[in-house]
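Student: The structure file query38.tsv (TSV, C-alpha atoms) is provided below.
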chain	number	residue	atom	x	y	z
A	11	MET	CA	111.08	86.60	104.98
A	12	THR	CA	111.32	88.88	108.02
A	13	VAL	CA	115.12	88.74	108.05
A	14	GLU	CA	115.29	89.52	104.35
A	15	LEU	CA	112.93	92.50	104.72
A	16	THR	CA	114.92	93.79	107.71
A	17	GLU	CA	118.16	93.48	105.72
A	18	ARG	CA	116.63	95.40	102.81
A	19	ILE	CA	115.47	98.19	105.12
A	20	GLU	CA	118.89	98.40	106.80
A	21	MET	CA	120.58	98.59	103.38
A	22	ALA	CA	118.29	101.47	102.41
A	23	GLU	CA	119.12	103.35	105.59
A	24	SER	CA	122.88	102.73	105.37
A	25	GLY	CA	122.93	103.74	101.70
A	26	LYS	CA	121.34	107.13	102.44
A	27	ALA	CA	124.64	109.02	102.32
A	28	ARG	CA	125.54	107.44	98.98
A	29	LEU	CA	122.13	108.30	97.59
A	30	ASP	CA	122.52	111.87	98.85
A	31	ASP	CA	125.84	112.13	97.02
A	32	MET	CA	124.37	110.67	93.83
A	33	PHE	CA	121.40	113.06	93.82
A	34	GLU	CA	123.62	116.05	94.59
A	35	LEU	CA	125.72	115.21	91.54
A	36	LEU	CA	122.61	114.67	89.42
A	37	GLU	CA	121.23	118.08	90.38
A	38	ARG	CA	124.37	119.72	89.01
A	39	MET	CA	124.54	117.78	85.73
A	40	LEU	CA	120.94	116.91	84.79
A	41	PRO	CA	119.90	118.52	81.49
A	42	GLU	CA	116.78	120.69	81.44
A	43	GLY	CA	113.63	118.66	80.80
A	44	TYR	CA	115.00	115.41	82.23
A	45	ARG	CA	114.20	113.60	85.44
A	46	ALA	CA	116.44	111.19	87.29
A	47	GLU	CA	116.19	108.53	89.97
A	48	VAL	CA	118.32	105.73	91.33
A	49	VAL	CA	117.06	102.15	90.95
A	50	GLU	CA	119.15	99.43	92.58
A	51	GLY	CA	122.20	101.70	92.42
A	52	ALA	CA	121.77	102.57	88.72
A	53	ILE	CA	121.05	106.15	87.71
A	54	CYS	CA	118.10	106.37	85.32
A	55	MET	CA	117.48	109.59	83.39
A	56	THR	CA	114.49	110.11	81.14
A	57	PRO	CA	113.21	113.10	79.19
A	58	GLN	CA	109.83	114.47	80.16
A	59	ARG	CA	107.25	113.80	77.48
A	60	ARG	CA	103.90	115.47	76.87
A	61	THR	CA	102.02	112.14	76.92
A	62	HIS	CA	103.70	111.20	80.18
A	63	TRP	CA	102.79	114.47	81.90
A	64	ASN	CA	99.20	114.45	80.61
A	65	ILE	CA	98.53	111.06	82.21
A	66	ILE	CA	100.12	112.19	85.48
A	67	ARG	CA	98.04	115.38	85.44
A	68	ARG	CA	94.78	113.52	84.86
A	69	VAL	CA	95.42	111.14	87.78
A	70	LEU	CA	96.58	114.02	90.00
A	71	ARG	CA	93.33	115.92	89.39
A	72	GLN	CA	91.27	112.88	90.35
A	73	LEU	CA	93.30	112.35	93.54
A	74	GLU	CA	92.88	116.02	94.44
A	75	ASP	CA	89.14	115.80	93.80
A	76	ARG	CA	89.02	112.86	96.21
A	77	PHE	CA	91.48	114.02	98.92
A	78	GLY	CA	91.52	117.81	98.51
A	79	LYS	CA	94.06	120.23	97.12
A	80	ASP	CA	96.09	120.17	100.36
A	81	ALA	CA	96.64	116.40	100.29
A	82	GLU	CA	100.29	115.35	100.21
A	83	ILE	CA	100.67	114.21	96.63
A	84	THR	CA	104.13	114.48	95.11
A	85	SER	CA	105.49	114.19	91.60
A	86	ASP	CA	109.13	113.40	90.80
A	87	VAL	CA	110.13	113.87	94.45
A	88	ARG	CA	112.75	111.55	95.91
A	89	ILE	CA	111.62	108.91	98.36
A	90	ASP	CA	114.16	106.36	99.58
A	91	PHE	CA	112.81	102.82	99.45
A	92	PRO	CA	114.15	99.54	100.89
A	93	GLY	CA	116.85	97.70	99.00
A	94	TYR	CA	120.21	98.55	97.52
A	95	LEU	CA	120.38	102.28	96.71
A	96	ASN	CA	116.73	102.86	95.82
A	97	GLY	CA	116.07	106.58	95.58
A	98	PHE	CA	112.87	106.57	93.55
A	99	CYS	CA	111.09	109.67	92.24
A	100	PRO	CA	107.61	108.31	91.51
A	101	ASP	CA	105.57	110.04	88.84
A	102	LEU	CA	102.94	110.44	91.56
A	103	ALA	CA	102.97	109.36	95.19
A	104	LYS	CA	100.22	109.98	97.71
A	105	VAL	CA	101.37	110.16	101.30
A	106	ALA	CA	99.13	109.29	104.25
A	107	GLU	CA	97.29	112.11	105.96
A	108	GLY	CA	99.17	113.23	109.05
A	109	ALA	CA	102.54	111.92	107.86
A	110	VAL	CA	105.51	114.07	108.80
A	111	PRO	CA	108.64	114.44	106.65
A	112	ASP	CA	112.02	113.56	108.21
A	113	GLU	CA	114.83	115.96	109.14
A	114	ASP	CA	115.86	116.11	105.46
A	115	ASP	CA	112.28	117.08	104.50
A	116	ARG	CA	111.71	113.69	102.83
A	117	TRP	CA	108.75	111.39	103.15
A	118	SER	CA	109.20	107.91	104.56
A	119	TYR	CA	108.30	105.08	102.21
A	120	ARG	CA	106.27	103.72	105.13
A	121	ASP	CA	103.81	106.61	104.65
A	122	VAL	CA	103.28	106.12	100.91
A	123	GLU	CA	99.76	104.89	100.14
A	124	PHE	CA	99.64	105.12	96.36
A	125	VAL	CA	102.17	105.26	93.54
A	126	LEU	CA	101.63	105.94	89.85
A	127	GLU	CA	104.37	105.25	87.34
A	128	VAL	CA	103.84	106.11	83.67
A	129	ILE	CA	105.92	103.96	81.37
A	130	SER	CA	108.76	105.49	79.37
A	131	ARG	CA	110.47	103.40	76.71
A	132	GLY	CA	113.87	103.52	78.35
A	133	THR	CA	112.83	102.78	81.93
A	134	GLY	CA	109.70	100.63	81.61
A	135	ARG	CA	111.50	97.49	82.70
A	136	ASN	CA	112.25	99.18	86.05
A	137	ASP	CA	108.58	100.01	86.62
A	138	TYR	CA	107.45	96.45	85.82
A	139	GLY	CA	110.36	94.79	87.65
A	140	PRO	CA	112.58	96.19	90.42
A	141	LYS	CA	110.29	99.10	91.30
A	142	ARG	CA	107.17	96.90	91.47
A	143	ASP	CA	109.03	94.45	93.68
A	144	THR	CA	110.40	97.23	95.90
A	145	TYR	CA	106.98	98.87	96.29
A	146	ALA	CA	105.61	95.48	97.41
A	147	VAL	CA	108.44	95.03	99.93
A	148	ALA	CA	107.76	98.57	101.19
A	149	GLY	CA	104.08	97.73	101.64
A	150	VAL	CA	102.74	100.40	99.26
A	151	PRO	CA	99.02	99.48	99.23
A	152	VAL	CA	98.27	100.57	95.64
A	153	TYR	CA	100.74	100.64	92.75
A	154	LEU	CA	99.40	101.74	89.38
A	155	ILE	CA	101.33	101.52	86.11
A	156	ALA	CA	99.95	103.46	83.14
A	157	ASP	CA	101.45	102.20	79.89
A	158	PRO	CA	100.70	104.49	76.92
A	159	TYR	CA	102.40	102.03	74.53
A	160	GLN	CA	100.19	99.10	75.53
A	161	ARG	CA	97.26	101.45	76.17
A	162	ARG	CA	96.68	99.67	79.46
A	163	CYS	CA	96.96	100.21	83.18
A	164	HIS	CA	98.28	97.56	85.53
A	165	VAL	CA	96.98	97.68	89.09
A	166	PHE	CA	98.85	96.02	91.96
A	167	THR	CA	97.31	95.79	95.44
A	168	GLU	CA	97.49	93.72	98.60
A	169	PRO	CA	101.24	93.66	99.26
A	170	LYS	CA	102.22	90.72	101.46
A	171	ASP	CA	105.42	88.71	101.92
A	172	ASP	CA	107.38	90.92	99.48
A	173	GLU	CA	104.92	90.63	96.58
A	174	TYR	CA	101.58	91.96	95.40
A	175	ARG	CA	98.87	89.36	95.89
A	176	SER	CA	96.38	91.07	93.58
A	177	GLN	CA	97.10	92.21	90.04
A	178	ARG	CA	94.78	93.22	87.23
A	179	THR	CA	94.95	94.94	83.87
A	180	VAL	CA	92.56	97.63	82.66
A	181	ASP	CA	92.46	99.01	79.11
A	182	PHE	CA	92.67	102.76	78.60
A	183	GLY	CA	89.09	104.00	78.39
A	184	GLU	CA	87.86	101.66	81.14
A	185	PRO	CA	87.53	102.84	84.77
A	186	ILE	CA	90.03	101.66	87.38
A	187	ASP	CA	88.03	100.70	90.45
A	188	LEU	CA	90.11	101.34	93.55
A	189	THR	CA	87.19	101.41	95.96
A	190	GLY	CA	87.94	99.22	98.91
A	191	THR	CA	91.60	100.36	98.93
A	192	VAL	CA	93.15	103.28	100.83
A	193	VAL	CA	92.62	105.40	97.70
A	194	ASP	CA	88.88	104.54	97.61
A	195	LEU	CA	88.01	106.03	94.23
A	196	VAL	CA	87.41	105.08	90.63
A	197	ILE	CA	90.02	106.54	88.26
A	198	ALA	CA	88.72	107.52	84.84
A	199	THR	CA	91.10	106.69	81.98
A	200	GLU	CA	89.09	107.62	78.90
A	201	HIS	CA	91.20	110.73	78.27
A	202	PHE	CA	94.60	109.12	78.83
A	203	PRO	CA	96.75	109.92	75.79
A	204	ARG	CA	98.45	107.10	73.89
A	205	ASP	CA	101.90	106.75	72.34
Go through the file and emit its structure as structure tokens.

Tutor:
Amino acid sequence: MTVELTERIEMAESGKARLDDMFELLERMLPEGYRAEVVEGAICMTPQRRTHWNIIRRVLRQLEDRFGKDAEITSDVRIDFPGYLNGFCPDLAKVAEGAVPDEDDRWSYRDVEFVLEVISRGTGRNDYGPKRDTYAVAGVPVYLIADPYQRRCHVFTEPKDDEYRSQRTVDFGEPIDLTGTVVDLVIATEHFPRD
């Protein structure tokens, strides 16, 4: 497993120039109201939706209540992850206190403590598949998927040996207990909108 993880990290670092080129092109051609990211070398563009943003906003407020308004919490900001051309733009990512961005003003995936992805119809399979697997490889301690179509949240914790060892599902309306994790809070979901 160590060799495989090392190879994935080296691929991410060697693919940085290609990712830079892809994102530069995307910035010039992306229509207003869309977001884009690169998952395993494939460009994924999705329109911003009201439901999507309202879930993000509700989680963001709870993270800010817990960590303060100056905490490093990003939304739709590129972070390069291990693997083949993985330039993800998580819906929300909380970065560890004291982390320092690199020379390109980007956060290292090694400093990401929490990721929220809200499911969109066109890209949901990425969030449940390649992105979940990549976040586990990267050692992201808490990965939360909010799915407004299922009206459920999926919580992944305890990354080890390239997979999440703990997984649970919580219905919208029920609290998500993340005490005992680096996030150490209970996320309220009763006001999450549904699609």

Student: Between A:Gln160, A:Thr144, A:Thr189, A:Gln177, which is the closest to Val128 of chain A once you count all atoms listed in the file?

Tutor: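 Comparing A:Gln160, A:Thr144, A:Thr189, A:Gln177 against Val128 of chain A, the winner is A:Gln160.
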
Student: Out of A:Lys26, A:Arg60, A:Glu47, A:Asp75, which residue has the shortest atom-to-atom distance to Pro100 of chain A when counting all atoms listed in the file?

Tutor: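 The shortest atom-to-atom distance to Pro100 of chain A comes from A:Glu47.
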
Student: Can you tell me which residues surround segment 164-175 of chain A at a distance of at most 12 Å, considering all atoms listed in the file, apart from same-chain residues fewer than 6 positions away, and format the answer as a ChimeraX atom specification?

Tutor: /A:11-16,18,92-93,123-129,137-158,181-182,185-193,197

Student: I'd like to know which of A:Gly25, A:Glu34, A:Ser85, A:Val122 is closest to Val110 of chain A, using all atoms listed in the file.

Tutor: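 Closest candidate: A:Val122.
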
Student: Atom CA of Pro111 of chain A to atom CA of Ala27 of chain A: how many Å, to one decimal?

Tutor: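 Separating atom CA of Pro111 of chain A from atom CA of Ala27 of chain A is a distance of 17.4 Å.
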
Student: What is the atom CA of Val180 of chain A-atom CA of Phe202 of chain A distance in Å, reported with one decimal?

Tutor: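 Atom CA of Val180 of chain A sits 12.3 Å away from atom CA of Phe202 of chain A.
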
Student: What does the structure give for the distance between atom CA of Arg116 of chain A and atom CA of Gly132 of chain A, in Å to one decimal?

Tutor: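 Going from atom CA of Arg116 of chain A over to atom CA of Gly132 of chain A, I get 26.6 Å.
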
Student: Counting only C-alpha atoms, figure out which residue out of A:Ala46, A:Leu40, A:Asp30, A:Arg161 gets nearest to Pro203 of chain A.

Tutor: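 Counting only C-alpha atoms, the residue closest to Pro203 of chain A is A:Arg161.
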
Student: Which of these, A:Glu107, A:Glu74, A:Asp101, A:Asp90, has the shortest distance to Val48 of chain A once you count all atoms listed in the file?

Tutor: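 Of A:Glu107, A:Glu74, A:Asp101, A:Asp90, the one nearest Val48 of chain A, counting all atoms listed in the file, is A:Asp90.
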
Student: Looking at all atoms listed in the file, which of A:Cys163, A:Ala106, A:Ile53, A:Ala198 is the one that sits closest to Leu29 of chain A?

Tutor: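 Of A:Cys163, A:Ala106, A:Ile53, A:Ala198, the one nearest Leu29 of chain A is A:Ile53, counting all atoms listed in the file.
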
Student: Got a sec: who's within 8 Å of Ser130 of chain A, counting all atoms listed in the file, leaving out chain neighbours fewer than 4 positions off, as a PyMOL selection string?

Tutor: chain A and resi 56+62+134

Student: Let's have the selection written as a compact mmCIF listing (two decimals), keeping the file's coordinate frame, with C-alpha atoms.

Tutor:
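Resulting contents of selection.txt:
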# COMPACT_ATOMS: atom_id res chain seq x y z
CA THR A 56 114.49 110.11 81.14
CA HIS A 62 103.70 111.20 80.18
CA GLY A 134 109.70 100.63 81.61
